[in-house]
file structure25.txt (compact mmCIF, N, CA and C atoms and all ligand atoms)
# COMPACT_ATOMS: atom_id res chain seq x y z
N MET A 16 108.67 99.33 157.81
CA MET A 16 108.90 100.21 156.65
C MET A 16 108.98 101.67 157.09
N SER A 17 108.24 102.01 158.09
CA SER A 17 108.24 103.40 158.52
C SER A 17 109.56 103.78 159.19
N ALA A 18 110.29 102.78 159.62
CA ALA A 18 111.54 103.04 160.32
C ALA A 18 112.55 103.70 159.38
N ARG A 19 112.44 103.41 158.12
CA ARG A 19 113.39 103.95 157.17
C ARG A 19 113.27 105.48 157.05
N PHE A 20 112.05 105.95 157.06
CA PHE A 20 111.86 107.39 156.96
C PHE A 20 112.45 108.10 158.17
N ALA A 21 112.24 107.49 159.30
CA ALA A 21 112.78 108.08 160.52
C ALA A 21 114.29 108.17 160.45
N CYS A 22 114.87 107.16 159.86
CA CYS A 22 116.33 107.12 159.76
C CYS A 22 116.82 108.24 158.83
N ASP A 23 116.12 108.45 157.73
CA ASP A 23 116.52 109.49 156.78
C ASP A 23 116.50 110.87 157.43
N ARG A 24 115.52 111.08 158.25
CA ARG A 24 115.43 112.37 158.93
C ARG A 24 116.58 112.55 159.90
N TRP A 25 116.91 111.48 160.55
CA TRP A 25 117.97 111.55 161.54
C TRP A 25 119.31 111.87 160.87
N MET A 26 119.46 111.42 159.64
CA MET A 26 120.75 111.58 158.97
C MET A 26 120.91 112.95 158.32
N MET A 27 119.86 113.74 158.31
CA MET A 27 119.96 115.03 157.66
C MET A 27 121.00 115.92 158.32
N PRO A 28 121.94 116.38 157.53
CA PRO A 28 122.94 117.30 158.10
C PRO A 28 122.31 118.65 158.40
N LYS A 29 122.37 119.06 159.61
CA LYS A 29 121.67 120.27 160.01
C LYS A 29 122.63 121.38 160.45
N THR A 30 123.81 120.98 160.84
CA THR A 30 124.72 121.98 161.38
C THR A 30 125.66 122.51 160.30
N ARG A 31 125.73 123.81 160.23
CA ARG A 31 126.71 124.45 159.36
C ARG A 31 127.64 125.30 160.21
N ARG A 32 128.90 125.10 159.99
CA ARG A 32 129.85 125.86 160.79
C ARG A 32 130.25 127.13 160.06
N LYS A 33 129.97 128.25 160.68
CA LYS A 33 130.34 129.52 160.07
C LYS A 33 131.86 129.68 160.00
N ALA A 34 132.52 128.98 160.87
CA ALA A 34 133.97 129.10 160.91
C ALA A 34 134.62 128.61 159.63
N ASP A 35 133.87 127.85 158.87
CA ASP A 35 134.42 127.33 157.63
C ASP A 35 134.47 128.39 156.53
N LEU A 36 133.70 129.46 156.71
CA LEU A 36 133.67 130.49 155.69
C LEU A 36 134.83 131.45 155.86
N PRO A 37 135.37 131.91 154.73
CA PRO A 37 136.48 132.87 154.80
C PRO A 37 136.02 134.22 155.34
N VAL A 38 136.92 134.92 155.97
CA VAL A 38 136.60 136.20 156.58
C VAL A 38 137.60 137.25 156.13
N LYS A 39 137.09 138.45 155.88
CA LYS A 39 137.98 139.57 155.54
C LYS A 39 137.67 140.74 156.46
N THR A 40 138.55 141.73 156.44
CA THR A 40 138.33 142.92 157.24
C THR A 40 137.96 144.08 156.32
N CYS A 41 136.89 144.76 156.64
CA CYS A 41 136.42 145.87 155.83
C CYS A 41 137.44 147.01 155.83
N ALA A 42 137.72 147.53 154.65
CA ALA A 42 138.72 148.59 154.53
C ALA A 42 138.18 149.93 155.01
N THR A 43 136.89 150.04 155.17
CA THR A 43 136.29 151.30 155.61
C THR A 43 136.02 151.32 157.11
N CYS A 44 135.27 150.36 157.58
CA CYS A 44 134.88 150.37 158.99
C CYS A 44 135.77 149.47 159.85
N GLY A 45 136.57 148.65 159.21
CA GLY A 45 137.52 147.83 159.96
C GLY A 45 136.90 146.61 160.62
N ARG A 46 135.66 146.35 160.33
CA ARG A 46 135.01 145.20 160.93
C ARG A 46 135.19 143.96 160.06
N PRO A 47 135.33 142.81 160.70
CA PRO A 47 135.41 141.57 159.94
C PRO A 47 134.07 141.19 159.34
N PHE A 48 134.09 140.74 158.12
CA PHE A 48 132.86 140.27 157.50
C PHE A 48 133.11 138.92 156.86
N THR A 49 132.03 138.17 156.78
CA THR A 49 132.13 136.78 156.33
C THR A 49 131.72 136.65 154.87
N TRP A 50 132.29 135.66 154.26
CA TRP A 50 131.99 135.35 152.86
C TRP A 50 130.49 135.24 152.64
N ARG A 51 130.04 135.81 151.54
CA ARG A 51 128.64 135.69 151.17
C ARG A 51 128.52 135.10 149.78
N LYS A 52 127.38 134.51 149.57
CA LYS A 52 127.18 133.81 148.31
C LYS A 52 127.27 134.75 147.12
N LYS A 53 126.81 135.97 147.32
CA LYS A 53 126.81 136.93 146.20
C LYS A 53 128.24 137.35 145.82
N TRP A 54 129.17 137.06 146.73
CA TRP A 54 130.56 137.41 146.44
C TRP A 54 131.36 136.24 145.92
N ALA A 55 130.68 135.16 145.62
CA ALA A 55 131.38 133.93 145.26
C ALA A 55 132.38 134.15 144.12
N LYS A 56 131.99 134.98 143.16
CA LYS A 56 132.84 135.15 141.97
C LYS A 56 133.84 136.29 142.12
N VAL A 57 133.62 137.16 143.08
CA VAL A 57 134.47 138.34 143.20
C VAL A 57 135.11 138.46 144.57
N TRP A 58 135.15 137.36 145.27
CA TRP A 58 135.63 137.40 146.66
C TRP A 58 137.03 137.99 146.77
N ASP A 59 137.87 137.71 145.81
CA ASP A 59 139.24 138.23 145.86
C ASP A 59 139.28 139.75 145.77
N GLU A 60 138.23 140.32 145.19
CA GLU A 60 138.21 141.77 144.99
C GLU A 60 137.40 142.49 146.06
N VAL A 61 136.67 141.73 146.83
CA VAL A 61 135.83 142.34 147.85
C VAL A 61 136.68 142.90 148.98
N ARG A 62 136.45 144.15 149.31
CA ARG A 62 137.24 144.79 150.38
C ARG A 62 136.35 145.47 151.41
N TYR A 63 135.06 145.49 151.16
CA TYR A 63 134.16 146.20 152.06
C TYR A 63 133.01 145.31 152.48
N CYS A 64 132.55 145.52 153.70
CA CYS A 64 131.53 144.64 154.25
C CYS A 64 130.18 144.89 153.63
N SER A 65 129.98 146.07 153.07
CA SER A 65 128.67 146.40 152.54
C SER A 65 128.80 147.45 151.45
N GLU A 66 127.70 147.63 150.73
CA GLU A 66 127.70 148.65 149.68
C GLU A 66 127.91 150.04 150.26
N ARG A 67 127.41 150.22 151.46
CA ARG A 67 127.54 151.51 152.13
C ARG A 67 129.01 151.84 152.37
N CYS A 68 129.72 150.88 152.93
CA CYS A 68 131.14 151.10 153.20
C CYS A 68 131.90 151.31 151.90
N ARG A 69 131.45 150.63 150.89
CA ARG A 69 132.12 150.76 149.60
C ARG A 69 132.01 152.18 149.06
N ARG A 70 130.87 152.80 149.30
CA ARG A 70 130.66 154.16 148.80
C ARG A 70 131.31 155.20 149.69
N GLU A 71 131.41 154.86 150.97
CA GLU A 71 132.00 155.81 151.90
C GLU A 71 133.52 155.85 151.80
N ARG A 72 134.01 154.91 151.08
CA ARG A 72 135.46 154.85 150.90
C ARG A 72 135.97 156.15 150.25
N LYS A 73 137.09 156.60 150.74
CA LYS A 73 137.66 157.82 150.20
C LYS A 73 138.14 157.58 148.77
N PRO A 74 137.88 158.52 147.91
CA PRO A 74 138.30 158.38 146.52
C PRO A 74 139.81 158.28 146.41
N ALA A 75 140.22 157.24 145.71
CA ALA A 75 141.66 157.02 145.56
C ALA A 75 142.16 157.66 144.26
N GLY A 76 143.45 157.84 144.15
CA GLY A 76 144.02 158.37 142.92
C GLY A 76 144.16 159.88 142.96
N GLN A 77 143.53 160.51 143.94
CA GLN A 77 143.66 161.95 144.04
C GLN A 77 144.56 162.33 145.21
N SER A 78 145.41 163.27 145.00
CA SER A 78 146.29 163.70 146.07
C SER A 78 145.54 164.66 146.98
N ALA A 79 145.13 164.18 148.12
CA ALA A 79 144.35 165.01 149.02
C ALA A 79 145.27 165.84 149.87
ZN ZN B 1 132.43 148.11 156.52

call {"tool": "encode", "arguments": {"input": "structure25.txt", "output": "structure tokens"}}
result
Amino acid sequence: MSARFACDRWMMPKTRRKADLPVKTCATCGRPFTWRKKWAKVWDEVRYCSERCRRERKPAGQSA
């Protein structure tokens, strides 16, 4: 009977491949960043790797 528990542990999927996650390039620092859970709903709109880069972005719409 104890053999069954051992089998269940063995079958646990442990490996997650990061390569499966989508990757984008930050518009501010130019570094690639990987999909995050918090971006699940807004991934199409995400353009920056972090809040910091998002704020450092140059203001658009103004003729500099
Ligand atoms: Zn960035």

call {"tool": "atom_distance", "arguments": {"input": "structure25.txt", "atom1": "CA of Glu66 (chain A)", "atom2": "atom N of Lys53 (chain A)"}}
result
12.9 Å

call {"tool": "residues_near_ligand", "arguments": {"input": "structure25.txt", "ligand": "ligand ZN 1 (chain B)", "cutoff": "8 Å", "atoms": "only C-alpha atoms and all ligand atoms", "output": "CSV table (one decimal) with N, CA and C atoms, keeping the file's coordinate frame"}}
result
chain,number,residue,atom,x,y,z
A,40,THR,N,138.6,141.7,156.4
A,40,THR,CA,138.3,142.9,157.2
A,40,THR,C,138.0,144.1,156.3
A,41,CYS,N,136.9,144.8,156.6
A,41,CYS,CA,136.4,145.9,155.8
A,41,CYS,C,137.4,147.0,155.8
A,42,ALA,N,137.7,147.5,154.6
A,42,ALA,CA,138.7,148.6,154.5
A,42,ALA,C,138.2,149.9,155.0
A,43,THR,N,136.9,150.0,155.2
A,43,THR,CA,136.3,151.3,155.6
A,43,THR,C,136.0,151.3,157.1
A,44,CYS,N,135.3,150.4,157.6
A,44,CYS,CA,134.9,150.4,159.0
A,44,CYS,C,135.8,149.5,159.8
A,45,GLY,N,136.6,148.6,159.2
A,45,GLY,CA,137.5,147.8,160.0
A,45,GLY,C,136.9,146.6,160.6
A,46,ARG,N,135.7,146.4,160.3
A,46,ARG,CA,135.0,145.2,160.9
A,46,ARG,C,135.2,144.0,160.1
A,47,PRO,N,135.3,142.8,160.7
A,47,PRO,CA,135.4,141.6,159.9
A,47,PRO,C,134.1,141.2,159.3
A,48,PHE,N,134.1,140.7,158.1
A,48,PHE,CA,132.9,140.3,157.5
A,48,PHE,C,133.1,138.9,156.9
A,63,TYR,N,135.1,145.5,151.2
A,63,TYR,CA,134.2,146.2,152.1
A,63,TYR,C,133.0,145.3,152.5
A,64,CYS,N,132.6,145.5,153.7
A,64,CYS,CA,131.5,144.6,154.2
A,64,CYS,C,130.2,144.9,153.6
A,65,SER,N,130.0,146.1,153.1
A,65,SER,CA,128.7,146.4,152.5
A,65,SER,C,128.8,147.4,151.4
A,67,ARG,N,127.4,150.2,151.5
A,67,ARG,CA,127.5,151.5,152.1
A,67,ARG,C,129.0,151.8,152.4
A,68,CYS,N,129.7,150.9,152.9
A,68,CYS,CA,131.1,151.1,153.2
A,68,CYS,C,131.9,151.3,151.9
A,69,ARG,N,131.4,150.6,150.9
A,69,ARG,CA,132.1,150.8,149.6
A,69,ARG,C,132.0,152.2,149.1

call {"tool": "atom_distance", "arguments": {"input": "structure25.txt", "atom1": "CA of Trp54 (chain A)", "atom2": "CA of Glu71 (chain A)"}}
result
19.2 Å

call {"tool": "axis_aligned_box", "arguments": {"input": "structure25.txt", "around": "region 59-70 of chain A", "padding_each_side": "6 Å", "output": "JSON"}}
result
{"center_x": 133.3, "center_y": 146.5, "center_z": 149.6, "size_x": 23.9, "size_y": 29.5, "size_z": 21.3}

call {"tool": "atom_distance", "arguments": {"input": "structure25.txt", "atom1": "atom N of Val61 (chain A)", "atom2": "atom C of Val38 (chain A)"}}
result
10.4 Å

call {"tool": "residues_around", "arguments": {"input": "structure25.txt", "residues": "Arg51 (chain A)", "least_positions_apart": "4", "cutoff": "9 Å", "atoms": "only C-alpha atoms", "output": "PyMOL selection string"}}
result
chain A and resi 36+55+58
